[in-house]
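Enquirer: Hey, dropping run_5.pdb in here, PDB, C-alpha atoms, pLDDT in the B column:
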```
ATOM      1  CA  MET A 901     -18.828 -41.272   3.902  1.00 72.00           C
ATOM      2  CA  ASN A 902     -21.779 -43.638   4.264  1.00 87.00           C
ATOM      3  CA  LEU A 903     -20.803 -46.818   6.123  1.00 91.00           C
ATOM      4  CA  ARG A 904     -22.326 -50.213   6.758  1.00 91.00           C
ATOM      5  CA  LEU A 905     -20.545 -51.839   9.691  1.00 94.00           C
ATOM      6  CA  LEU A 906     -21.006 -55.540  10.419  1.00 93.00           C
ATOM      7  CA  LEU A 907     -20.023 -56.299  14.013  1.00 96.00           C
ATOM      8  CA  ILE A 908     -19.471 -60.015  14.643  1.00 95.00           C
ATOM      9  CA  SER A 909     -19.142 -61.477  18.126  1.00 97.00           C
ATOM     10  CA  HIS A 910     -16.444 -64.113  18.456  1.00 97.00           C
ATOM     11  CA  ALA A 911     -17.167 -67.829  18.672  1.00 96.00           C
ATOM     12  CA  PRO A 912     -17.804 -69.400  22.093  1.00 96.00           C
ATOM     13  CA  THR A 913     -14.783 -70.279  24.215  1.00 96.00           C
ATOM     14  CA  ALA A 914     -14.178 -72.894  26.886  1.00 95.00           C
ATOM     15  CA  ALA A 915     -14.137 -70.047  29.442  1.00 95.00           C
ATOM     16  CA  MET A 916     -17.616 -68.955  28.381  1.00 94.00           C
ATOM     17  CA  ARG A 917     -18.955 -72.487  28.710  1.00 94.00           C
ATOM     18  CA  ALA A 918     -17.423 -72.719  32.186  1.00 94.00           C
ATOM     19  CA  GLY A 919     -18.925 -69.390  33.277  1.00 95.00           C
ATOM     20  CA  ARG A 920     -15.523 -67.707  33.642  1.00 96.00           C
ATOM     21  CA  PHE A 921     -14.501 -64.174  32.800  1.00 95.00           C
ATOM     22  CA  PRO A 922     -12.175 -64.208  29.776  1.00 94.00           C
ATOM     23  CA  ALA A 923      -8.413 -64.216  30.150  1.00 91.00           C
ATOM     24  CA  ASP A 924      -7.375 -64.039  26.489  1.00 91.00           C
ATOM     25  CA  ASP A 925      -8.468 -67.604  25.817  1.00 91.00           C
ATOM     26  CA  PRO A 926      -8.038 -68.966  22.276  1.00 95.00           C
ATOM     27  CA  LEU A 927     -10.805 -70.944  20.621  1.00 96.00           C
ATOM     28  CA  ASP A 928     -10.787 -74.651  21.357  1.00 95.00           C
ATOM     29  CA  ALA A 929     -11.790 -77.271  18.777  1.00 95.00           C
ATOM     30  CA  ARG A 930     -15.460 -76.822  19.607  1.00 95.00           C
ATOM     31  CA  GLY A 931     -15.312 -73.053  19.178  1.00 95.00           C
ATOM     32  CA  LEU A 932     -13.481 -73.349  15.857  1.00 95.00           C
ATOM     33  CA  ALA A 933     -16.076 -75.846  14.626  1.00 94.00           C
ATOM     34  CA  ASP A 934     -18.863 -73.444  15.613  1.00 93.00           C
ATOM     35  CA  ALA A 935     -17.192 -70.599  13.697  1.00 92.00           C
ATOM     36  CA  GLN A 936     -16.672 -72.722  10.600  1.00 89.00           C
ATOM     37  CA  ALA A 937     -20.273 -73.931  10.733  1.00 88.00           C
ATOM     38  CA  ARG A 938     -21.496 -70.337  11.045  1.00 85.00           C
ATOM     39  CA  LEU A 939     -19.564 -69.358   7.918  1.00 81.00           C
ATOM     40  CA  SER A 940     -22.130 -71.102   5.718  1.00 75.00           C
ATOM     41  CA  HIS A 941     -24.797 -68.764   7.148  1.00 73.00           C
ATOM     42  CA  LEU A 942     -22.685 -65.658   6.538  1.00 71.00           C
ATOM     43  CA  SER A 943     -22.670 -65.855   2.757  1.00 60.00           C
ATOM     44  CA  HIS A 944     -22.644 -62.075   2.479  1.00 62.00           C
ATOM     45  CA  LEU A 945     -19.142 -62.045   3.986  1.00 63.00           C
ATOM     46  CA  THR A 946     -17.864 -63.740   0.842  1.00 55.00           C
ATOM     47  CA  ALA A 947     -19.299 -60.894  -1.197  1.00 60.00           C
ATOM     48  CA  LEU A 948     -17.509 -58.464   1.119  1.00 65.00           C
ATOM     49  CA  ASN A 949     -14.066 -60.052   0.913  1.00 68.00           C
ATOM     50  CA  GLU A 950     -12.629 -56.755  -0.302  1.00 75.00           C
ATOM     51  CA  ALA A 951     -14.124 -54.818   2.614  1.00 85.00           C
ATOM     52  CA  PRO A 952     -11.792 -53.546   5.346  1.00 91.00           C
ATOM     53  CA  ALA A 953     -11.891 -55.905   8.323  1.00 92.00           C
ATOM     54  CA  PHE A 954     -10.780 -55.258  11.880  1.00 96.00           C
ATOM     55  CA  VAL A 955     -10.447 -57.572  14.857  1.00 97.00           C
ATOM     56  CA  SER A 956      -9.918 -57.383  18.597  1.00 98.00           C
ATOM     57  CA  PRO A 957      -6.410 -58.296  19.773  1.00 98.00           C
ATOM     58  CA  ALA A 958      -7.858 -61.197  21.824  1.00 98.00           C
ATOM     59  CA  ALA A 959      -6.904 -64.684  20.659  1.00 97.00           C
ATOM     60  CA  CYS A 960     -10.528 -65.850  20.469  1.00 97.00           C
ATOM     61  CA  ALA A 961     -11.469 -62.945  18.184  1.00 98.00           C
ATOM     62  CA  ARG A 962      -8.441 -63.447  15.934  1.00 97.00           C
ATOM     63  CA  ASP A 963      -9.197 -67.180  15.725  1.00 97.00           C
ATOM     64  CA  THR A 964     -12.798 -66.383  14.797  1.00 96.00           C
ATOM     65  CA  ALA A 965     -11.769 -63.945  12.072  1.00 94.00           C
ATOM     66  CA  SER A 966      -9.425 -66.541  10.594  1.00 94.00           C
ATOM     67  CA  ALA A 967     -12.120 -69.236  10.709  1.00 92.00           C
ATOM     68  CA  LEU A 968     -14.455 -66.870   8.863  1.00 90.00           C
ATOM     69  CA  GLY A 969     -11.841 -66.300   6.167  1.00 88.00           C
ATOM     70  CA  LEU A 970     -11.249 -62.658   7.077  1.00 90.00           C
ATOM     71  CA  ASN A 971      -7.887 -60.964   6.671  1.00 90.00           C
ATOM     72  CA  ALA A 972      -8.510 -58.621   9.578  1.00 93.00           C
ATOM     73  CA  LYS A 973      -6.303 -55.914  11.031  1.00 94.00           C
ATOM     74  CA  VAL A 974      -5.911 -55.942  14.814  1.00 97.00           C
ATOM     75  CA  ASP A 975      -7.372 -52.827  16.422  1.00 96.00           C
ATOM     76  CA  ALA A 976      -6.940 -52.260  20.163  1.00 96.00           C
ATOM     77  CA  ALA A 977     -10.171 -50.247  20.323  1.00 97.00           C
ATOM     78  CA  LEU A 978     -12.089 -53.485  19.701  1.00 98.00           C
ATOM     79  CA  ALA A 979     -10.575 -55.232  22.736  1.00 98.00           C
ATOM     80  CA  ASP A 980     -12.908 -56.753  25.289  1.00 97.00           C
ATOM     81  CA  ILE A 981     -13.737 -54.925  28.503  1.00 96.00           C
ATOM     82  CA  ASP A 982     -10.818 -55.015  30.914  1.00 97.00           C
ATOM     83  CA  TYR A 983     -12.120 -57.265  33.712  1.00 96.00           C
ATOM     84  CA  GLY A 984      -9.219 -56.431  35.999  1.00 96.00           C
ATOM     85  CA  ASN A 985      -8.615 -58.960  38.751  1.00 96.00           C
ATOM     86  CA  TRP A 986     -11.726 -60.921  37.717  1.00 97.00           C
ATOM     87  CA  LYS A 987     -10.000 -62.289  34.603  1.00 96.00           C
ATOM     88  CA  GLY A 988     -10.238 -66.061  34.508  1.00 95.00           C
ATOM     89  CA  ARG A 989     -12.478 -66.251  37.587  1.00 96.00           C
ATOM     90  CA  ARG A 990     -15.854 -67.981  37.669  1.00 96.00           C
ATOM     91  CA  LEU A 991     -18.938 -65.791  37.976  1.00 95.00           C
ATOM     92  CA  ALA A 992     -20.433 -68.241  40.485  1.00 96.00           C
ATOM     93  CA  ASP A 993     -17.365 -67.931  42.730  1.00 97.00           C
ATOM     94  CA  LEU A 994     -17.511 -64.132  42.650  1.00 96.00           C
ATOM     95  CA  ALA A 995     -21.217 -64.231  43.483  1.00 96.00           C
ATOM     96  CA  ALA A 996     -20.385 -66.269  46.586  1.00 97.00           C
ATOM     97  CA  GLN A 997     -17.229 -64.418  47.628  1.00 96.00           C
ATOM     98  CA  THR A 998     -17.855 -60.764  46.675  1.00 96.00           C
ATOM     99  CA  PRO A 999     -21.618 -60.431  46.091  1.00 96.00           C
ATOM    100  CA  ILE A1000     -21.706 -56.694  46.830  1.00 97.00           C
ATOM    101  CA  ASP A1001     -19.010 -55.929  44.252  1.00 96.00           C
ATOM    102  CA  LEU A1002     -20.647 -58.126  41.643  1.00 95.00           C
ATOM    103  CA  THR A1003     -24.059 -56.545  42.217  1.00 94.00           C
ATOM    104  CA  ALA A1004     -22.585 -53.055  41.956  1.00 95.00           C
ATOM    105  CA  TRP A1005     -20.883 -53.953  38.669  1.00 94.00           C
ATOM    106  CA  MET A1006     -24.066 -55.414  37.200  1.00 91.00           C
ATOM    107  CA  HIS A1007     -26.303 -52.480  38.160  1.00 93.00           C
ATOM    108  CA  ASP A1008     -24.056 -49.412  38.012  1.00 95.00           C
ATOM    109  CA  PRO A1009     -22.530 -48.715  34.574  1.00 95.00           C
ATOM    110  CA  ASP A1010     -19.849 -46.545  36.168  1.00 96.00           C
ATOM    111  CA  ALA A1011     -18.729 -49.195  38.671  1.00 96.00           C
ATOM    112  CA  ALA A1012     -15.471 -51.104  38.213  1.00 96.00           C
ATOM    113  CA  PRO A1013     -14.880 -52.984  41.477  1.00 95.00           C
ATOM    114  CA  HIS A1014     -12.612 -55.425  39.646  1.00 96.00           C
ATOM    115  CA  GLY A1015     -10.079 -52.664  39.068  1.00 96.00           C
ATOM    116  CA  GLY A1016     -10.599 -52.745  35.314  1.00 95.00           C
ATOM    117  CA  GLU A1017     -12.959 -50.970  32.938  1.00 97.00           C
ATOM    118  CA  SER A1018     -16.566 -49.983  33.629  1.00 96.00           C
ATOM    119  CA  PHE A1019     -19.421 -50.398  31.154  1.00 96.00           C
ATOM    120  CA  SER A1020     -19.534 -46.620  30.687  1.00 97.00           C
ATOM    121  CA  GLN A1021     -15.846 -46.532  29.834  1.00 97.00           C
ATOM    122  CA  ALA A1022     -16.339 -49.303  27.270  1.00 97.00           C
ATOM    123  CA  VAL A1023     -19.196 -47.365  25.660  1.00 97.00           C
ATOM    124  CA  LYS A1024     -17.006 -44.258  25.451  1.00 97.00           C
ATOM    125  CA  ARG A1025     -14.094 -46.224  23.966  1.00 97.00           C
ATOM    126  CA  ILE A1026     -16.060 -47.902  21.194  1.00 97.00           C
ATOM    127  CA  GLY A1027     -18.040 -44.714  20.577  1.00 97.00           C
ATOM    128  CA  GLU A1028     -14.819 -42.849  19.844  1.00 96.00           C
ATOM    129  CA  TRP A1029     -13.775 -45.633  17.463  1.00 97.00           C
ATOM    130  CA  LEU A1030     -17.113 -45.522  15.658  1.00 96.00           C
ATOM    131  CA  ASP A1031     -17.126 -41.752  15.341  1.00 93.00           C
ATOM    132  CA  THR A1032     -13.662 -41.645  13.775  1.00 91.00           C
ATOM    133  CA  LEU A1033     -14.025 -44.745  11.591  1.00 91.00           C
ATOM    134  CA  ASP A1034     -15.085 -42.881   8.459  1.00 78.00           C
ATOM    135  CA  VAL A1035     -12.140 -40.478   8.810  1.00 73.00           C
ATOM    136  CA  ALA A1036      -9.691 -43.339   9.349  1.00 70.00           C
ATOM    137  CA  LEU A1037     -10.967 -45.180   6.286  1.00 76.00           C
ATOM    138  CA  HIS A1038     -10.860 -42.031   4.189  1.00 64.00           C
ATOM    139  CA  ASP A1039      -7.265 -41.335   5.228  1.00 59.00           C
ATOM    140  CA  ALA A1040      -6.203 -44.940   4.646  1.00 57.00           C
ATOM    141  CA  GLN A1041      -8.016 -45.562   1.366  1.00 59.00           C
ATOM    142  CA  GLY A1042      -8.212 -42.106  -0.154  1.00 53.00           C
ATOM    143  CA  LYS A1043     -11.906 -42.517  -0.929  1.00 50.00           C
ATOM    144  CA  ALA A1044     -14.228 -39.603  -1.394  1.00 43.00           C
ATOM    145  CA  SER A1045     -16.322 -38.909   1.689  1.00 43.00           C
ATOM    146  CA  GLY A1046     -19.543 -39.468  -0.249  1.00 45.00           C
ATOM    147  CA  ASN A1047     -18.757 -43.083  -1.167  1.00 56.00           C
ATOM    148  CA  ALA A1048     -20.652 -45.929   0.464  1.00 58.00           C
ATOM    149  CA  ARG A1049     -18.412 -48.389   2.271  1.00 85.00           C
ATOM    150  CA  ASP A1050     -18.724 -51.768   3.973  1.00 89.00           C
ATOM    151  CA  VAL A1051     -16.639 -52.571   7.050  1.00 93.00           C
ATOM    152  CA  ILE A1052     -16.379 -55.736   9.155  1.00 93.00           C
ATOM    153  CA  ALA A1053     -15.242 -55.970  12.781  1.00 96.00           C
ATOM    154  CA  VAL A1054     -14.854 -59.134  14.859  1.00 96.00           C
ATOM    155  CA  THR A1055     -15.044 -58.314  18.537  1.00 98.00           C
ATOM    156  CA  HIS A1056     -16.725 -59.234  21.838  1.00 98.00           C
ATOM    157  CA  ALA A1057     -20.355 -59.317  22.933  1.00 97.00           C
ATOM    158  CA  ALA A1058     -19.755 -56.600  25.517  1.00 96.00           C
ATOM    159  CA  ILE A1059     -18.200 -54.286  22.939  1.00 98.00           C
ATOM    160  CA  ILE A1060     -21.048 -54.860  20.491  1.00 98.00           C
ATOM    161  CA  ARG A1061     -23.515 -54.037  23.272  1.00 97.00           C
ATOM    162  CA  ALA A1062     -21.549 -50.839  23.861  1.00 97.00           C
ATOM    163  CA  ALA A1063     -21.639 -50.005  20.143  1.00 97.00           C
ATOM    164  CA  VAL A1064     -25.423 -50.411  20.020  1.00 97.00           C
ATOM    165  CA  ILE A1065     -25.796 -48.116  23.035  1.00 97.00           C
ATOM    166  CA  HIS A1066     -23.630 -45.496  21.353  1.00 96.00           C
ATOM    167  CA  ALA A1067     -25.517 -45.780  18.057  1.00 96.00           C
ATOM    168  CA  LEU A1068     -28.841 -45.252  19.851  1.00 95.00           C
ATOM    169  CA  SER A1069     -27.478 -42.465  22.084  1.00 95.00           C
ATOM    170  CA  ALA A1070     -28.880 -44.537  24.949  1.00 95.00           C
ATOM    171  CA  SER A1071     -27.886 -44.642  28.594  1.00 95.00           C
ATOM    172  CA  SER A1072     -25.112 -47.021  29.599  1.00 94.00           C
ATOM    173  CA  ALA A1073     -27.520 -48.244  32.276  1.00 93.00           C
ATOM    174  CA  ILE A1074     -29.216 -50.491  29.699  1.00 94.00           C
ATOM    175  CA  PHE A1075     -25.958 -52.387  29.105  1.00 92.00           C
ATOM    176  CA  PRO A1076     -27.049 -55.539  31.018  1.00 88.00           C
ATOM    177  CA  ARG A1077     -30.346 -55.659  29.098  1.00 91.00           C
ATOM    178  CA  ILE A1078     -28.752 -56.289  25.708  1.00 94.00           C
ATOM    179  CA  GLU A1079     -27.934 -59.896  24.869  1.00 94.00           C
ATOM    180  CA  ILE A1080     -25.415 -60.741  22.147  1.00 95.00           C
ATOM    181  CA  ALA A1081     -24.844 -64.444  21.501  1.00 95.00           C
ATOM    182  CA  PRO A1082     -21.583 -65.828  20.115  1.00 96.00           C
ATOM    183  CA  LEU A1083     -21.233 -65.400  16.340  1.00 95.00           C
ATOM    184  CA  THR A1084     -24.053 -62.861  16.224  1.00 93.00           C
ATOM    185  CA  VAL A1085     -23.929 -60.220  13.470  1.00 93.00           C
ATOM    186  CA  VAL A1086     -25.078 -56.710  14.396  1.00 95.00           C
ATOM    187  CA  GLU A1087     -25.367 -54.183  11.583  1.00 94.00           C
ATOM    188  CA  LEU A1088     -24.843 -50.457  12.086  1.00 95.00           C
ATOM    189  CA  HIS A1089     -25.187 -47.825   9.361  1.00 93.00           C
ATOM    190  CA  HIS A1090     -23.638 -44.377   9.364  1.00 92.00           C
ATOM    191  CA  SER A1091     -24.540 -41.352   7.279  1.00 89.00           C
ATOM    192  CA  GLN A1092     -23.554 -37.733   7.573  1.00 84.00           C
ATOM    193  CA  GLN A1093     -27.190 -36.768   8.001  1.00 86.00           C
ATOM    194  CA  ARG A1094     -28.225 -39.247  10.717  1.00 87.00           C
ATOM    195  CA  GLY A1095     -25.015 -40.425  12.292  1.00 92.00           C
ATOM    196  CA  TRP A1096     -25.122 -44.038  13.481  1.00 94.00           C
ATOM    197  CA  ALA A1097     -28.242 -46.205  13.334  1.00 93.00           C
ATOM    198  CA  TRP A1098     -28.912 -49.821  14.266  1.00 93.00           C
ATOM    199  CA  TRP A1099     -30.305 -51.924  11.400  1.00 86.00           C
ATOM    200  CA  PRO A1100     -31.588 -55.499  11.275  1.00 77.00           C
ATOM    201  CA  ALA A1101     -28.650 -57.704  10.287  1.00 65.00           C
ATOM    202  CA  SER A1102     -28.509 -59.025   6.754  1.00 58.00           C
ATOM    203  CA  SER A1103     -27.814 -62.606   7.863  1.00 50.00           C
TER     204      SER A1103
END
```
Translate this file's structure into C-alpha cells.
Expert:
Amino acid sequence: MNLRLLLISHAPTAAMRAGRFPADDPLDARGLADAQARLSHLSHLTALNEAPAFVSPAACARDTASALGLNAKVDAALADIDYGNWKGRRLADLAAQTPIDLTAWMHDPDAAPHGGESFSQAVKRIGEWLDTLDVALHDAQGKASGNARDVIAVTHAAIIRAAVIHALSASSAIFPRIEIAPLTVVELHHSQQRGWAWWPASS
C-alpha cells in the first residue's frame, strides 16, 4: 500500500512557554486559539476528512486534534517521549541542578538519566509504528495493498523528529539538530519500492 502520512505537532502549551518538560498538560486558551487559527492554513485537511486519523494519548495532542476538526483514534505509539522524573520540571532548573545529566541526555541518544525513555528508544518505537502502519490499515479497512492512502497523525515534536530520522535511516545522534515547531506539518510517503521518504509538506 502506498501511504501519505501527515504528521502534525500539537499546539503550544503553557508548559512549553514556561520552558518546562511536559506533564500531560492540556491546551490553554492561547493554545486552542493557535490551533484554530492554524486550521485556516491546513485547508487540505478538510479534503482529507475521510482519512484515518490517529492521535497521541496526551491531552494537548487530543485537544489539538479536536481543534483541527479531526476525529482521531488514540494510539499509544504516538505518545511523547517518557521524560521520567523530569516531567513538569523547568529546563533552566535542571541545567543548574543536574548539568551533567542534562548534557548527557542532549548529546547521547542512548542516555536516559531522567529514568524515562532515550531518544534512540523513541526512534525505535515510532519506527515500528511506521513500518506496520500499512498492514494495520489494510487489516482494519480491507483495502488492497496497492491502493494509495492518506493518513493523519497528531503527535509531539520529539516523535516527529524520531519519525524523520527513521524515514531517512539516519543516526539517532542527529535528534537534537531537527527542529519541529508547534502545529508544524511533516509529510512522509511510503511505497513498497522505496519504503519511507520525507517530502516537503503540502501546507
Enquirer: Could you give me, as a VMD selection string, the residues within 12 Å of stretch 914-920 of chain A, counting all atoms listed in the file and dropping anything in the same chain fewer than 3 positions from it?
Expert: chain A and resid 910 to 911 923 to 932 960 983 986 to 995 1056 to 1057 1081 to 1082
Enquirer: The PyMOL selection byres ((chain A and resi 1024-1028) around 8) on the file shown: which residues, as an mmCIF file with C-alpha atoms, in the frame of the given file?
Expert:
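Saved to expr-v5.cif:
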```
data_model
loop_
_atom_site.group_PDB
_atom_site.id
_atom_site.type_symbol
_atom_site.label_atom_id
_atom_site.label_comp_id
_atom_site.auth_asym_id
_atom_site.auth_seq_id
_atom_site.Cartn_x
_atom_site.Cartn_y
_atom_site.Cartn_z
ATOM 1 C CA ALA A 977 -10.171 -50.247 20.323
ATOM 2 C CA LEU A 978 -12.089 -53.485 19.701
ATOM 3 C CA SER A 1020 -19.534 -46.620 30.687
ATOM 4 C CA GLN A 1021 -15.846 -46.532 29.834
ATOM 5 C CA ALA A 1022 -16.339 -49.303 27.270
ATOM 6 C CA VAL A 1023 -19.196 -47.365 25.660
ATOM 7 C CA TRP A 1029 -13.775 -45.633 17.463
ATOM 8 C CA LEU A 1030 -17.113 -45.522 15.658
ATOM 9 C CA ASP A 1031 -17.126 -41.752 15.341
ATOM 10 C CA THR A 1032 -13.662 -41.645 13.775
ATOM 11 C CA ILE A 1059 -18.200 -54.286 22.939
ATOM 12 C CA ALA A 1062 -21.549 -50.839 23.861
ATOM 13 C CA ALA A 1063 -21.639 -50.005 20.143
ATOM 14 C CA HIS A 1066 -23.630 -45.496 21.353
ATOM 15 C CA ALA A 1067 -25.517 -45.780 18.057
#
```
Enquirer: Please expand the PyMOL selection byres ((chain A and resi 976) around 9) into the concrete residues it hits in this file, giving the result as a ChimeraX atom specification.
Expert: /A:955-957,974-975,977-979
Enquirer: Calculate how many Å separate atom CA of A:Ala967 from atom CA of A:Arg1077, rounding to one decimal.
Expert: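 These atoms are spaced 29.2 Å apart.
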Enquirer: List as a count of residues only the protein and nucleic acid residues near A:Ala1073, meaning an atom at most 12 Å away when only C-alpha atoms are counted, but skip any in the same chain fewer than 2 places from it.
Expert: 23
Enquirer: Have a look at A:Ala996, A:Ala951, A:Leu1033, A:Ile908 and name the one nearest to A:Trp1096; count all atoms listed in the file.
Expert: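 That would be A:Leu1033, the residue with the smallest distance to A:Trp1096.
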Enquirer: To one decimal in Å, tell me the separation between atom CA of A:Asp934 and atom CA of A:Thr964.
Expert: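 Those two atoms sit 9.3 Å apart.
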Enquirer: Of the candidates A:Val1064, A:Asp963, A:Phe954, A:Gln1093, which one gets nearest to A:Glu1079 if we count all atoms listed in the file?
Expert: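 Among A:Val1064, A:Asp963, A:Phe954, A:Gln1093, it is A:Val1064 that comes nearest to A:Glu1079.
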Enquirer: Around the point (-13.4, -56.9, 37.6) in the file's coordinates, collect all residues with an atom within 6 Å, using only C-alpha atoms, and return them as a ChimeraX atom specification.
Expert: /A:983-986,1013-1016
Enquirer: Between atom CA of A:Asp980 and atom CA of A:Asp1001, what is the spacing in Å?
Expert: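 Separation between atom CA of A:Asp1001 and atom CA of A:Asp980: 19.9 Å.
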Enquirer: Using only C-alpha atoms, can you tell me which of A:Leu939, A:Ala961, A:Ala933, A:Pro922 comes closest to A:Ala1053?
Expert: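 Of A:Leu939, A:Ala961, A:Ala933, A:Pro922, the one nearest A:Ala1053 is A:Ala961, counting only C-alpha atoms.
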Enquirer: Can you pull out every residue within 9 Å of A:Arg1049, counting all atoms listed in the file, but drop anything in the same chain fewer than 4 positions away, and send it as a list in words?
Expert: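 Residues meeting the cut-off are Met901, Asn902, Leu903, Arg904, Leu905, Ala951, Pro952 and Asp1034 of chain A.
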Enquirer: May I have the centre and edge lengths, in Å to one decimal, of an axis-aligned box around the listed atoms of stretch 1071-1080 of chain A with 3 Å added to every side, as lines of an AutoDock Vina configuration file?
Expert:
```
center_x = -27.7
center_y = -52.7
center_z = 27.2
size_x = 11.2
size_y = 22.1
size_z = 16.1
```
Enquirer: Kindly resolve the PyMOL selection byres ((chain A and resi 1087) around 7) on the present coordinates and return the residues as a ChimeraX atom specification.
Expert: /A:904-907,1085-1086,1088-1089,1098-1101
Enquirer: Could you give me stretch 990-997 of chain A completed to all heavy atoms, formatted as a short mmCIF file (atom, residue, chain, number, x, y, z; two decimals), in the coordinates of the input?
Expert:
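After the write, part01.cif holds the following:
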```cif
data_model
loop_
_atom_site.label_atom_id
_atom_site.label_comp_id
_atom_site.auth_asym_id
_atom_site.auth_seq_id
_atom_site.Cartn_x
_atom_site.Cartn_y
_atom_site.Cartn_z
N ARG A 990 -14.49 -67.54 37.92
CA ARG A 990 -15.85 -67.98 37.67
C ARG A 990 -16.85 -67.00 38.28
O ARG A 990 -16.68 -66.53 39.41
CB ARG A 990 -16.09 -69.38 38.23
CG ARG A 990 -15.31 -70.47 37.55
CD ARG A 990 -15.54 -71.83 38.19
NE ARG A 990 -16.91 -72.27 37.99
CZ ARG A 990 -17.79 -72.48 38.97
NH1 ARG A 990 -17.44 -72.28 40.23
NH2 ARG A 990 -19.02 -72.89 38.70
N LEU A 991 -17.90 -66.69 37.51
CA LEU A 991 -18.94 -65.79 37.98
C LEU A 991 -19.58 -66.33 39.25
O LEU A 991 -19.88 -65.58 40.19
CB LEU A 991 -19.99 -65.61 36.87
CG LEU A 991 -21.10 -64.60 37.13
CD1 LEU A 991 -20.53 -63.20 37.27
CD2 LEU A 991 -22.11 -64.63 35.99
N ALA A 992 -19.80 -67.64 39.31
CA ALA A 992 -20.43 -68.24 40.48
C ALA A 992 -19.58 -68.05 41.74
O ALA A 992 -20.11 -67.81 42.83
CB ALA A 992 -20.68 -69.73 40.24
N ASP A 993 -18.26 -68.14 41.58
CA ASP A 993 -17.36 -67.93 42.73
C ASP A 993 -17.41 -66.49 43.21
O ASP A 993 -17.43 -66.22 44.42
CB ASP A 993 -15.93 -68.31 42.36
CG ASP A 993 -15.77 -69.80 42.10
OD1 ASP A 993 -16.60 -70.58 42.59
OD2 ASP A 993 -14.80 -70.16 41.39
N LEU A 994 -17.44 -65.54 42.27
CA LEU A 994 -17.51 -64.13 42.65
C LEU A 994 -18.83 -63.82 43.34
O LEU A 994 -18.88 -63.03 44.28
CB LEU A 994 -17.34 -63.25 41.41
CG LEU A 994 -15.95 -63.25 40.79
CD1 LEU A 994 -15.97 -62.58 39.43
CD2 LEU A 994 -14.96 -62.54 41.71
N ALA A 995 -19.91 -64.45 42.87
CA ALA A 995 -21.22 -64.23 43.48
C ALA A 995 -21.22 -64.70 44.94
O ALA A 995 -21.90 -64.11 45.79
CB ALA A 995 -22.29 -64.96 42.69
N ALA A 996 -20.46 -65.74 45.22
CA ALA A 996 -20.39 -66.27 46.59
C ALA A 996 -19.41 -65.48 47.46
O ALA A 996 -19.65 -65.27 48.65
CB ALA A 996 -19.99 -67.74 46.56
N GLN A 997 -18.31 -65.02 46.85
CA GLN A 997 -17.23 -64.42 47.63
C GLN A 997 -17.34 -62.90 47.75
O GLN A 997 -17.00 -62.32 48.79
CB GLN A 997 -15.88 -64.80 47.01
CG GLN A 997 -15.60 -66.29 47.05
CD GLN A 997 -14.45 -66.69 46.13
OE1 GLN A 997 -13.74 -65.84 45.59
NE2 GLN A 997 -14.26 -67.99 45.95
#
```
